[in-house]
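J.: Take a look at target-v2.txt, compact mmCIF, C-alpha atoms and all ligand atoms:
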# COMPACT_ATOMS: atom_id res chain seq x y z
CA MET A 122 8.62 5.81 98.58
CA ARG A 123 7.57 9.43 98.22
CA GLY A 124 4.42 8.93 96.18
CA ALA A 125 4.01 9.35 92.47
CA ALA A 126 5.76 12.17 90.69
CA VAL A 127 3.36 14.34 88.72
CA VAL A 128 4.83 16.46 85.96
CA HIS A 129 3.13 19.26 84.07
CA ALA A 130 3.95 22.58 82.44
CA GLU A 131 1.57 25.28 81.29
CA GLU A 132 3.67 25.44 78.14
CA TYR A 133 2.14 22.11 77.00
CA ARG A 134 -0.87 24.04 75.85
CA CYS A 135 -0.52 25.77 72.51
CA ASP A 136 -2.81 27.30 69.92
CA ILE A 137 -3.30 24.89 67.03
CA GLY A 138 -6.39 26.62 65.68
CA PRO A 139 -9.70 24.78 65.15
CA HIS A 140 -8.64 21.15 65.59
CA VAL A 141 -9.92 17.79 66.78
CA PHE A 142 -7.05 17.57 69.32
CA PRO A 143 -8.19 19.40 72.49
CA MET A 144 -4.99 21.02 73.74
CA GLU A 145 -6.83 22.37 76.77
CA LYS A 146 -7.20 18.82 78.11
CA PHE A 147 -3.78 18.89 79.80
CA GLU A 148 -4.76 21.82 82.03
CA LEU A 149 -8.23 20.33 82.62
CA VAL A 150 -6.79 16.99 83.80
CA ARG A 151 -4.44 18.84 86.14
CA GLN A 152 -7.39 20.79 87.58
CA ALA A 153 -9.51 17.64 87.91
CA LEU A 154 -6.75 15.85 89.86
CA ILE A 155 -6.43 18.79 92.22
CA ALA A 156 -10.21 19.04 92.65
CA ALA A 157 -10.42 15.31 93.44
CA GLY A 158 -7.75 15.65 96.13
CA ASP A 159 -5.27 13.42 94.30
CA LEU A 160 -2.81 16.20 93.67
CA ASP A 161 -1.62 19.27 95.47
CA GLU A 162 -0.58 22.16 93.25
CA SER A 163 2.69 22.44 95.18
CA GLN A 164 3.64 18.82 94.34
CA ILE A 165 3.64 19.35 90.59
CA LEU A 166 7.08 19.15 89.04
CA HIS A 167 7.71 21.64 86.25
CA PRO A 168 9.95 20.40 83.46
CA GLY A 169 12.09 22.59 81.30
CA PRO A 170 12.20 22.11 77.54
CA ALA A 171 14.16 19.06 76.38
CA SER A 172 17.68 20.07 75.35
CA ARG A 173 18.84 19.73 71.76
CA GLU A 174 21.32 17.13 72.96
CA ASP A 175 18.45 15.05 74.34
CA LEU A 176 16.25 15.56 71.27
CA LEU A 177 19.13 14.30 69.10
CA LEU A 178 18.85 10.91 70.80
CA ALA A 179 15.66 10.35 68.78
CA HIS A 180 15.65 12.94 65.99
CA THR A 181 17.97 14.03 63.19
CA PRO A 182 19.72 17.42 63.23
CA GLU A 183 18.09 18.37 59.90
CA TYR A 184 14.61 17.77 61.26
CA LEU A 185 15.33 19.66 64.49
CA ASP A 186 16.73 22.55 62.42
CA ASP A 187 13.52 22.64 60.35
CA LEU A 188 11.45 22.76 63.55
CA ALA A 189 13.63 25.45 65.13
CA GLY A 190 13.53 27.53 61.94
CA LEU A 191 9.77 26.91 61.48
CA ARG A 192 10.51 25.72 57.96
CA LEU A 193 7.89 23.79 56.04
CA THR A 194 9.84 20.99 54.41
CA ARG A 195 9.10 17.37 53.53
CA ARG A 196 10.11 16.57 57.13
CA THR A 197 7.74 18.96 58.88
CA ALA A 198 4.89 19.46 56.41
CA CYS A 199 3.49 15.96 56.92
CA SER A 200 2.23 16.81 60.39
CA GLU A 201 -1.46 17.54 60.74
CA LEU A 202 -0.67 20.64 62.77
CA PRO A 203 0.40 24.19 62.05
CA LEU A 204 4.08 25.02 62.62
CA THR A 205 4.61 27.93 64.99
CA ALA A 206 7.18 28.75 67.65
CA GLU A 207 4.56 28.23 70.36
CA ILE A 208 3.71 24.77 69.06
CA VAL A 209 7.35 23.68 68.75
CA ARG A 210 7.90 24.95 72.29
CA ALA A 211 4.92 22.91 73.55
CA TYR A 212 6.30 19.69 72.07
CA THR A 213 9.77 20.44 73.39
CA TYR A 214 8.33 20.90 76.88
CA ALA A 215 6.30 17.68 76.55
CA ALA A 216 9.54 15.84 75.75
CA GLY A 217 11.21 17.49 78.74
CA GLY A 218 8.22 16.45 80.84
CA THR A 219 8.23 12.79 79.89
CA THR A 220 11.99 12.70 80.44
CA LEU A 221 11.62 14.23 83.91
CA ALA A 222 8.79 11.81 84.72
CA ALA A 223 10.94 8.86 83.61
CA ARG A 224 13.85 9.99 85.82
CA GLU A 225 11.52 10.42 88.79
CA ALA A 226 9.80 7.08 88.20
CA LEU A 227 13.07 5.24 88.84
CA GLY A 228 13.11 6.46 92.44
CA ARG A 229 9.38 6.56 93.12
CA ARG A 230 8.09 3.61 91.07
CA VAL A 231 5.35 5.67 89.38
CA ALA A 232 5.31 8.99 87.56
CA VAL A 233 2.70 10.79 85.53
CA ASN A 234 3.26 13.33 82.82
CA ILE A 235 0.01 15.25 82.35
CA GLY A 236 0.86 15.50 78.67
CA GLY A 237 3.06 13.69 76.16
CA GLY A 238 2.57 10.36 74.43
CA PHE A 239 3.37 11.72 70.96
CA HIS A 240 4.02 8.33 69.44
CA HIS A 241 3.64 9.15 65.73
CA ALA A 242 6.79 11.28 65.44
CA PHE A 243 9.66 9.70 63.47
CA ALA A 244 13.39 10.45 63.64
CA ASP A 245 13.29 12.83 60.70
CA MET A 246 9.60 13.42 60.14
CA ALA A 247 6.49 14.65 61.88
CA SER A 248 3.37 12.53 61.67
CA GLY A 249 -0.22 12.91 62.84
CA PHE A 250 -0.44 15.39 65.69
CA CYS A 251 3.14 14.69 66.79
CA TYR A 252 6.35 16.61 66.22
CA LEU A 253 8.69 15.10 68.84
CA ASN A 254 8.57 11.54 70.17
CA ASP A 255 8.77 12.20 73.90
CA LEU A 256 8.52 8.47 74.70
CA VAL A 257 11.66 7.48 72.82
CA ILE A 258 13.54 10.63 73.87
CA ALA A 259 12.89 9.80 77.55
CA VAL A 260 13.95 6.16 77.17
CA GLN A 261 17.12 7.12 75.31
CA VAL A 262 18.11 9.82 77.82
CA LEU A 263 17.93 7.30 80.67
CA ARG A 264 19.84 4.72 78.65
CA ARG A 265 22.51 7.25 77.68
CA ASP A 266 22.86 8.30 81.32
CA GLY A 267 23.33 4.68 82.38
CA ARG A 268 20.19 4.69 84.53
CA ILE A 269 18.59 1.78 82.67
CA ARG A 270 19.41 -0.65 79.89
CA ARG A 271 16.10 -2.31 79.14
CA ALA A 272 12.76 -0.60 78.71
CA ALA A 273 9.34 -1.17 77.20
CA VAL A 274 6.80 1.12 75.63
CA VAL A 275 3.23 -0.08 76.19
CA ASP A 276 1.09 1.84 73.73
CA CYS A 277 -2.66 1.51 74.30
CA ASP A 278 -3.68 4.44 72.14
CA LEU A 279 -6.34 3.79 69.50
CA HIS A 280 -3.67 4.36 66.85
CA GLN A 281 -0.51 2.33 66.32
CA GLY A 282 2.68 3.81 67.77
CA ASN A 283 4.29 3.91 64.34
CA GLY A 284 6.98 6.47 65.12
CA THR A 285 7.98 4.67 68.30
CA ALA A 286 8.12 1.31 66.49
CA HIS A 287 10.31 2.70 63.74
CA LEU A 288 12.63 4.61 66.07
CA CYS A 289 13.20 1.53 68.24
CA ARG A 290 13.39 -1.04 65.42
CA SER A 291 17.08 -1.73 65.97
CA MET A 292 17.14 -1.41 69.76
CA PRO A 293 16.69 -4.95 71.12
CA GLU A 294 16.74 -3.59 74.68
CA VAL A 295 13.63 -1.50 74.05
CA PHE A 296 10.48 -3.58 73.59
CA THR A 297 7.67 -1.83 71.75
CA PHE A 298 4.12 -3.10 72.20
CA SER A 299 1.20 -1.43 70.46
CA ILE A 300 -2.43 -2.53 70.75
CA HIS A 301 -4.61 -0.53 68.39
CA GLN A 302 -7.45 -0.44 65.88
CA GLU A 303 -6.11 -2.19 62.79
CA HIS A 304 -8.11 -0.54 60.03
CA LEU A 305 -7.22 3.05 60.75
CA TYR A 306 -4.44 5.65 60.46
CA PRO A 307 -1.45 5.29 60.41
CA VAL A 308 0.30 3.12 57.83
CA LYS A 309 1.62 0.47 60.20
CA GLU A 310 5.26 0.04 61.16
CA VAL A 311 6.51 -3.12 62.86
CA SER A 312 6.63 -3.02 66.67
CA ASP A 313 8.16 -5.87 68.68
CA LEU A 314 4.54 -6.81 69.32
CA ASP A 315 1.54 -5.45 67.46
CA ILE A 316 -2.03 -6.40 68.28
CA GLY A 317 -4.31 -4.94 65.63
CA LEU A 318 -7.96 -5.14 66.63
CA ASP A 319 -11.15 -5.13 64.60
CA ASN A 320 -13.72 -2.36 64.78
CA GLY A 321 -16.17 -2.92 67.62
CA THR A 322 -13.78 -5.05 69.69
CA GLY A 323 -15.18 -3.98 73.08
CA ASP A 324 -13.96 -4.31 76.67
CA GLU A 325 -13.72 -8.03 77.18
CA GLU A 326 -11.73 -9.00 74.12
CA TYR A 327 -9.57 -5.87 74.30
CA ASN A 328 -8.46 -6.53 77.84
CA ALA A 329 -7.92 -10.26 77.22
CA ARG A 330 -5.66 -9.46 74.26
CA LEU A 331 -3.92 -6.72 76.26
CA ALA A 332 -3.19 -9.18 79.08
CA GLU A 333 -1.62 -11.60 76.58
CA GLY A 334 0.50 -8.79 75.17
CA LEU A 335 1.60 -7.68 78.61
CA ASP A 336 2.89 -11.19 79.31
CA ARG A 337 5.34 -10.64 76.47
CA VAL A 338 6.33 -7.27 77.97
CA TRP A 339 7.05 -8.86 81.35
CA GLU A 340 9.15 -11.57 79.64
CA HIS A 341 11.35 -8.78 78.27
CA GLN A 342 12.14 -7.77 81.89
CA PRO A 343 12.07 -4.01 81.36
CA GLU A 344 13.60 -1.74 83.97
CA LEU A 345 11.09 0.95 83.02
CA VAL A 346 7.71 0.97 81.27
CA LEU A 347 6.52 3.99 79.35
CA TYR A 348 2.73 3.78 79.15
CA GLN A 349 0.96 5.64 76.37
CA ALA A 350 -2.56 5.76 77.79
CA GLY A 351 -4.52 7.24 74.89
CA ALA A 352 -8.18 7.90 75.69
CA ASP A 353 -9.26 7.27 72.10
CA PRO A 354 -10.22 3.55 72.32
CA TYR A 355 -13.33 4.97 74.06
CA GLU A 356 -16.76 4.07 72.66
CA ASP A 357 -17.73 7.69 72.03
CA ASP A 358 -14.49 8.72 70.35
CA GLN A 359 -14.85 10.62 67.08
CA LEU A 360 -11.88 8.93 65.39
CA GLY A 361 -12.18 5.35 66.56
CA ALA A 362 -14.38 2.29 66.73
CA LEU A 363 -12.82 0.05 69.41
CA LYS A 364 -15.81 0.76 71.68
CA LEU A 365 -14.27 0.52 75.12
CA THR A 366 -16.42 1.75 77.99
CA LEU A 367 -15.12 3.91 80.82
CA SER A 368 -15.01 0.78 82.94
CA GLY A 369 -13.12 -1.14 80.24
CA LEU A 370 -10.56 1.65 80.01
CA GLU A 371 -10.08 1.56 83.76
CA THR A 372 -9.47 -2.19 83.60
CA ARG A 373 -6.92 -1.52 80.84
CA ASP A 374 -5.09 1.00 83.01
CA ARG A 375 -5.04 -1.38 85.94
CA LEU A 376 -3.70 -4.26 83.85
CA VAL A 377 -0.76 -2.11 82.81
CA LEU A 378 -0.07 -0.13 85.98
CA GLU A 379 -0.82 -2.79 88.59
CA GLY A 380 1.11 -5.26 86.44
CA CYS A 381 4.14 -2.99 86.66
CA GLU A 382 3.61 -2.39 90.37
CA ARG A 383 3.41 -6.11 91.19
CA ARG A 384 6.69 -6.71 89.39
CA GLY A 385 8.45 -3.67 90.83
CA ILE A 386 8.83 -2.09 87.40
CA PRO A 387 8.79 1.73 87.44
CA ALA A 388 6.02 3.08 85.21
CA VAL A 389 5.51 6.42 83.50
CA VAL A 390 2.06 7.51 82.35
CA THR A 391 1.71 9.75 79.29
CA LEU A 392 -1.67 10.81 77.94
CA GLY A 393 -1.62 10.43 74.14
CA GLY A 394 -4.79 10.89 72.05
CA GLY A 395 -8.44 11.35 72.97
CA TYR A 396 -11.21 12.75 70.77
CA ALA A 397 -14.44 11.98 72.60
CA ARG A 398 -17.48 13.87 71.37
CA ARG A 399 -17.63 15.45 74.80
CA LEU A 400 -14.32 16.87 76.00
CA SER A 401 -15.40 16.10 79.56
CA ASP A 402 -15.24 12.37 78.72
CA THR A 403 -11.67 12.64 77.43
CA VAL A 404 -10.69 14.54 80.58
CA ARG A 405 -12.45 11.98 82.77
CA ILE A 406 -10.63 9.05 81.12
CA HIS A 407 -7.20 10.68 81.44
CA THR A 408 -7.91 11.80 85.00
CA ARG A 409 -8.87 8.25 85.99
CA THR A 410 -5.64 6.87 84.50
CA CYS A 411 -3.62 9.41 86.46
CA GLN A 412 -5.56 8.66 89.67
CA ILE A 413 -4.88 4.94 89.36
CA ALA A 414 -1.17 5.66 88.98
CA ILE A 415 -1.06 8.19 91.82
CA ARG A 416 -3.02 5.98 94.22
CA LEU A 417 -0.82 2.97 93.46
CA ALA A 418 2.17 4.84 94.80
CA ARG A 419 0.44 5.71 98.08
CA PRO A 420 0.96 3.60 101.16
CA GLU A 421 -2.79 3.39 101.91
CA PRO A 422 -5.09 1.26 99.72
CA SER A 423 -6.90 3.11 96.94
ZN ZN B 501 -4.57 8.15 68.96
Please, can you express the file's structure as structure tokens?
T.:
Amino acid sequence: MRGAAVVHAEEYRCDIGPHVFPMEKFELVRQALIAAGDLDESQILHPGPASREDLLLAHTPEYLDDLAGLRLTRRTACSELPLTAEIVRAYTYAAGGTTLAAREALGRRVAVNIGGGFHHAFADMASGFCYLNDLVIAVQVLRRDGRIRRAAVVDCDLHQGNGTAHLCRSMPEVFTFSIHQEHLYPVKEVSDLDIGLDNGTGDEEYNARLAEGLDRVWEHQPELVLYQAGADPYEDDQLGALKLTLSGLETRDRLVLEGCERRGIPAVVTLGGGYARRLSDTVRIHTRTCQIAIRLARPEPS
């Protein structure tokens, strides 16, 4: 085992104007991991942009043409983002990054994309802050290439993984599990397993319900788990009310990542959302998730 693969590209960052989504977090998490000694700059794998052929495994040609042509249509205009070449490029790189991380995870057991997790994107429609569903693209590339048959997406973002659920609705080999705040964006789609939680749920109940959900994931016997590790269930998040503490979020990460490790299931971390009042909290939560993943793949105890 060569240690966890860590994937990142400077192209993930793009200018979306004044916005609640802090695009600079990707670079800040990368810097925090280096500063903490968990990552050497030279180890970072740089993805290219996902190819059109790969994007077509999750998205329609008409939608991809709209994105490439920067055309505001019913397919693109429902995003809550501007539509510029730089932004489309960022999402295309994020999809390339999650795909690279998934490939690497098969050999190394754990991989981290310091980016990605854009779970709201549908086959032919943007949604939320998501243009391209990197999670489903990565799973479908590996399935197309014959590297895996069965996979699971474990989505612990505050928001339901609606795009992922819809994209995978007729793929019995791909188990979608979303645990999220029920009374909140988006309009819910049907995952293989949805756990919708009440406002103010807190650490203890959240992690008990997560553990129950993960039992269903393990029953599916996935050959790869894509983990959407959104930081937005945090108690000081501006968009959410699930009220998890930093410690509760760490327990969450361990339930998912150590659960995969114990069963020998390769896992890929993607970051997803995170809108803490203080950006430093969002960065801290994501950095901790990445550290847990990276340290799991090391021979020495963490
Ligand atoms: Zn979210």
J.: What does the distance between CA of Thr219 (chain A) and CA of Gly236 (chain A) come to in Å, to one decimal place?
T.: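 Atom-to-atom, CA of Thr219 (chain A) to CA of Gly236 (chain A), that is 7.9 Å.
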J.: Could you check the closest approach to Leu177 (chain A) for each of A:Ala215, A:Val257, A:Asp159, A:His129 and tell me which residue wins, using only C-alpha atoms?
T.: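 Ranked by minimum distance to Leu177 (chain A), first place goes to A:Val257.
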J.: Between A:Arg195, A:Arg271, A:His241, A:Arg151, which one has atoms that come closest to ligand ZN 501 (chain B), using only C-alpha atoms and all ligand atoms?
T.: A:His241
J.: Edge lengths and centre, in Å to one decimal, as JSON: that's what I need for the box along x, y and z that holds all listed atoms of region 232-239 of chain A plus 3 Å on each side.
T.:
{"center_x": 2.7, "center_y": 12.2, "center_z": 79.3, "size_x": 11.3, "size_y": 12.5, "size_z": 22.6}
J.: Would you pick out the contacts of Ser163 (chain A) at 12 Å or less, using all atoms listed in the file, so that residues sharing its chain but fewer than 2 positions from it are not included, and give the list as a PyMOL selection string?
T.: chain A and resi 126-129+155+160-161+165-167
J.: Enumerate, in order of chain and increasing residue number, the residues of chain A with an atom no farther than 7 Å from ligand ZN 501 (chain B), each with its shortest atom pair and distance in Å to one decimal, counting all atoms listed in the file, as CSV.
T.:
residue,atom,partner,partner_atom,distance
A:Asp278,CA,B:ZN501,ZN,5.0
A:Leu279,CA,B:ZN501,ZN,4.7
A:His280,CA,B:ZN501,ZN,4.4
A:Gly351,CA,B:ZN501,ZN,6.0
A:Asp353,CA,B:ZN501,ZN,5.7
A:Gly393,CA,B:ZN501,ZN,6.4
A:Gly394,CA,B:ZN501,ZN,4.1
A:Gly395,CA,B:ZN501,ZN,6.4
J.: Between A:Leu204, A:Val275, A:Ala397, A:Leu185, single out the one closest to Phe243 (chain A), counting all atoms listed in the file.
T.: A:Leu185
J.: With all atoms listed in the file as the basis for distance, which of A:Ser299, A:Ser200, A:Ser368, A:Thr410 is at the shortest distance from Leu335 (chain A)?
T.: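 Among A:Ser299, A:Ser200, A:Ser368, A:Thr410, it is A:Ser299 that comes nearest to Leu335 (chain A).
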J.: Of the candidates A:Glu333, A:Asp402, A:Asp358, A:Glu344, which shows the shortest atom-to-atom distance to Val274 (chain A), using only C-alpha atoms?
T.: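 Closest residue, counting only C-alpha atoms: A:Glu344.
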J.: May I have the protein, DNA and RNA residues with an atom at most 6 Å from (-0.7, -2.8, 69.3), counting all atoms listed in the file in the file's coordinates, returned as a ChimeraX atom specification?
T.: /A:281,298-301,315-317
J.: Given only C-alpha atoms as the basis, pick out the residue of A:Arg383, A:Arg268, A:Arg330, A:His240 nearest to Ala286 (chain A).
T.: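 Of all the options, A:His240 lies closest to Ala286 (chain A).
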J.: One number please: CA of Asn283 (chain A) to CA of Ala247 (chain A), in Å, one decimal.
T.: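 Straight-line distance from CA of Asn283 (chain A) to CA of Ala247 (chain A) works out to 11.2 Å.
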J.: Just want the 12 Å neighbourhood of Ile406 (chain A), counted on all atoms listed in the file, with same-chain residues fewer than 4 positions away dropped. Output as a ChimeraX atom specification.
T.: /A:146,149-150,153-154,350-358,365-374,392-397,399-402,410-413
J.: The selected residues should be written to file as a PDB file, in the frame of the given file (atoms: C-alpha atoms).
T.:
ATOM      1  CA  LYS A 146      -7.200  18.820  78.110  1.00  0.00           C
ATOM      2  CA  LEU A 149      -8.230  20.330  82.620  1.00  0.00           C
ATOM      3  CA  VAL A 150      -6.790  16.990  83.800  1.00  0.00           C
ATOM      4  CA  ALA A 153      -9.510  17.640  87.910  1.00  0.00           C
ATOM      5  CA  LEU A 154      -6.750  15.850  89.860  1.00  0.00           C
ATOM      6  CA  ALA A 350      -2.560   5.760  77.790  1.00  0.00           C
ATOM      7  CA  GLY A 351      -4.520   7.240  74.890  1.00  0.00           C
ATOM      8  CA  ALA A 352      -8.180   7.900  75.690  1.00  0.00           C
ATOM      9  CA  ASP A 353      -9.260   7.270  72.100  1.00  0.00           C
ATOM     10  CA  PRO A 354     -10.220   3.550  72.320  1.00  0.00           C
ATOM     11  CA  TYR A 355     -13.330   4.970  74.060  1.00  0.00           C
ATOM     12  CA  GLU A 356     -16.760   4.070  72.660  1.00  0.00           C
ATOM     13  CA  ASP A 357     -17.730   7.690  72.030  1.00  0.00           C
ATOM     14  CA  ASP A 358     -14.490   8.720  70.350  1.00  0.00           C
ATOM     15  CA  LEU A 365     -14.270   0.520  75.120  1.00  0.00           C
ATOM     16  CA  THR A 366     -16.420   1.750  77.990  1.00  0.00           C
ATOM     17  CA  LEU A 367     -15.120   3.910  80.820  1.00  0.00           C
ATOM     18  CA  SER A 368     -15.010   0.780  82.940  1.00  0.00           C
ATOM     19  CA  GLY A 369     -13.120  -1.140  80.240  1.00  0.00           C
ATOM     20  CA  LEU A 370     -10.560   1.650  80.010  1.00  0.00           C
ATOM     21  CA  GLU A 371     -10.080   1.560  83.760  1.00  0.00           C
ATOM     22  CA  THR A 372      -9.470  -2.190  83.600  1.00  0.00           C
ATOM     23  CA  ARG A 373      -6.920  -1.520  80.840  1.00  0.00           C
ATOM     24  CA  ASP A 374      -5.090   1.000  83.010  1.00  0.00           C
ATOM     25  CA  LEU A 392      -1.670  10.810  77.940  1.00  0.00           C
ATOM     26  CA  GLY A 393      -1.620  10.430  74.140  1.00  0.00           C
ATOM     27  CA  GLY A 394      -4.790  10.890  72.050  1.00  0.00           C
ATOM     28  CA  GLY A 395      -8.440  11.350  72.970  1.00  0.00           C
ATOM     29  CA  TYR A 396     -11.210  12.750  70.770  1.00  0.00           C
ATOM     30  CA  ALA A 397     -14.440  11.980  72.600  1.00  0.00           C
ATOM     31  CA  ARG A 399     -17.630  15.450  74.800  1.00  0.00           C
ATOM     32  CA  LEU A 400     -14.320  16.870  76.000  1.00  0.00           C
ATOM     33  CA  SER A 401     -15.400  16.100  79.560  1.00  0.00           C
ATOM     34  CA  ASP A 402     -15.240  12.370  78.720  1.00  0.00           C
ATOM     35  CA  THR A 410      -5.640   6.870  84.500  1.00  0.00           C
ATOM     36  CA  CYS A 411      -3.620   9.410  86.460  1.00  0.00           C
ATOM     37  CA  GLN A 412      -5.560   8.660  89.670  1.00  0.00           C
ATOM     38  CA  ILE A 413      -4.880   4.940  89.360  1.00  0.00           C
TER      39      ILE A 413
END
J.: As an exercise, work out the distance from CA of Gly249 (chain A) to CA of Ala171 (chain A) in Å and give it to one decimal place.
T.: 20.7 Å
J.: Starting from the structure just given, write a file holding region 163-171 of chain A with all heavy atoms, as a PDB file, in the first residue's frame.
T.:
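Result file out_9.pdb:
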ATOM      1  N   SER A 163       4.633  17.496  -3.346  1.00  0.00           N
ATOM      2  CA  SER A 163       5.045  16.663  -4.480  1.00  0.00           C
ATOM      3  C   SER A 163       4.179  15.411  -4.637  1.00  0.00           C
ATOM      4  O   SER A 163       4.200  14.764  -5.681  1.00  0.00           O
ATOM      5  CB  SER A 163       6.511  16.246  -4.303  1.00  0.00           C
ATOM      6  OG  SER A 163       6.617  15.416  -3.155  1.00  0.00           O
ATOM      7  N   GLN A 164       3.420  15.065  -3.588  1.00  0.00           N
ATOM      8  CA  GLN A 164       2.567  13.857  -3.682  1.00  0.00           C
ATOM      9  C   GLN A 164       1.238  14.125  -4.372  1.00  0.00           C
ATOM     10  O   GLN A 164       0.506  13.192  -4.693  1.00  0.00           O
ATOM     11  CB  GLN A 164       2.205  13.357  -2.275  1.00  0.00           C
ATOM     12  CG  GLN A 164       3.361  12.922  -1.416  1.00  0.00           C
ATOM     13  CD  GLN A 164       2.852  12.631  -0.009  1.00  0.00           C
ATOM     14  OE1 GLN A 164       2.183  13.471   0.619  1.00  0.00           O
ATOM     15  NE2 GLN A 164       3.158  11.442   0.484  1.00  0.00           N
ATOM     16  N   ILE A 165       0.885  15.392  -4.524  1.00  0.00           N
ATOM     17  CA  ILE A 165      -0.460  15.707  -5.019  1.00  0.00           C
ATOM     18  C   ILE A 165      -0.580  15.303  -6.490  1.00  0.00           C
ATOM     19  O   ILE A 165       0.285  15.623  -7.307  1.00  0.00           O
ATOM     20  CB  ILE A 165      -0.768  17.208  -4.843  1.00  0.00           C
ATOM     21  CG1 ILE A 165      -0.730  17.569  -3.356  1.00  0.00           C
ATOM     22  CG2 ILE A 165      -2.116  17.572  -5.463  1.00  0.00           C
ATOM     23  CD1 ILE A 165      -0.825  19.054  -3.065  1.00  0.00           C
ATOM     24  N   LEU A 166      -1.625  14.585  -6.787  1.00  0.00           N
ATOM     25  CA  LEU A 166      -1.886  14.179  -8.171  1.00  0.00           C
ATOM     26  C   LEU A 166      -2.770  15.226  -8.835  1.00  0.00           C
ATOM     27  O   LEU A 166      -3.800  15.622  -8.278  1.00  0.00           O
ATOM     28  CB  LEU A 166      -2.592  12.819  -8.205  1.00  0.00           C
ATOM     29  CG  LEU A 166      -1.852  11.670  -7.513  1.00  0.00           C
ATOM     30  CD1 LEU A 166      -2.705  10.403  -7.535  1.00  0.00           C
ATOM     31  CD2 LEU A 166      -0.504  11.428  -8.179  1.00  0.00           C
ATOM     32  N   HIS A 167      -2.368  15.653 -10.013  1.00  0.00           N
ATOM     33  CA  HIS A 167      -3.112  16.698 -10.734  1.00  0.00           C
ATOM     34  C   HIS A 167      -3.964  16.064 -11.821  1.00  0.00           C
ATOM     35  O   HIS A 167      -3.418  15.499 -12.765  1.00  0.00           O
ATOM     36  CB  HIS A 167      -2.139  17.710 -11.345  1.00  0.00           C
ATOM     37  CG  HIS A 167      -1.376  18.476 -10.316  1.00  0.00           C
ATOM     38  ND1 HIS A 167      -1.735  19.726  -9.896  1.00  0.00           N
ATOM     39  CD2 HIS A 167      -0.285  18.125  -9.590  1.00  0.00           C
ATOM     40  CE1 HIS A 167      -0.898  20.125  -8.951  1.00  0.00           C
ATOM     41  NE2 HIS A 167      -0.008  19.173  -8.749  1.00  0.00           N
ATOM     42  N   PRO A 168      -5.278  16.171 -11.685  1.00  0.00           N
ATOM     43  CA  PRO A 168      -6.133  15.605 -12.735  1.00  0.00           C
ATOM     44  C   PRO A 168      -6.186  16.528 -13.935  1.00  0.00           C
ATOM     45  O   PRO A 168      -5.930  17.728 -13.827  1.00  0.00           O
ATOM     46  CB  PRO A 168      -7.512  15.570 -12.057  1.00  0.00           C
ATOM     47  CG  PRO A 168      -7.486  16.751 -11.150  1.00  0.00           C
ATOM     48  CD  PRO A 168      -6.064  16.851 -10.640  1.00  0.00           C
ATOM     49  N   GLY A 169      -6.543  15.953 -15.065  1.00  0.00           N
ATOM     50  CA  GLY A 169      -6.937  16.778 -16.197  1.00  0.00           C
ATOM     51  C   GLY A 169      -8.446  16.968 -16.134  1.00  0.00           C
ATOM     52  O   GLY A 169      -9.116  16.424 -15.244  1.00  0.00           O
ATOM     53  N   PRO A 170      -9.002  17.721 -17.077  1.00  0.00           N
ATOM     54  CA  PRO A 170     -10.462  17.847 -17.126  1.00  0.00           C
ATOM     55  C   PRO A 170     -11.075  16.525 -17.573  1.00  0.00           C
ATOM     56  O   PRO A 170     -10.469  15.795 -18.360  1.00  0.00           O
ATOM     57  CB  PRO A 170     -10.674  18.939 -18.183  1.00  0.00           C
ATOM     58  CG  PRO A 170      -9.437  18.910 -19.032  1.00  0.00           C
ATOM     59  CD  PRO A 170      -8.314  18.476 -18.139  1.00  0.00           C
ATOM     60  N   ALA A 171     -12.254  16.195 -17.066  1.00  0.00           N
ATOM     61  CA  ALA A 171     -12.942  14.984 -17.524  1.00  0.00           C
ATOM     62  C   ALA A 171     -13.229  15.126 -19.026  1.00  0.00           C
ATOM     63  O   ALA A 171     -13.580  16.213 -19.497  1.00  0.00           O
ATOM     64  CB  ALA A 171     -14.241  14.799 -16.747  1.00  0.00           C
TER      65      ALA A 171
END
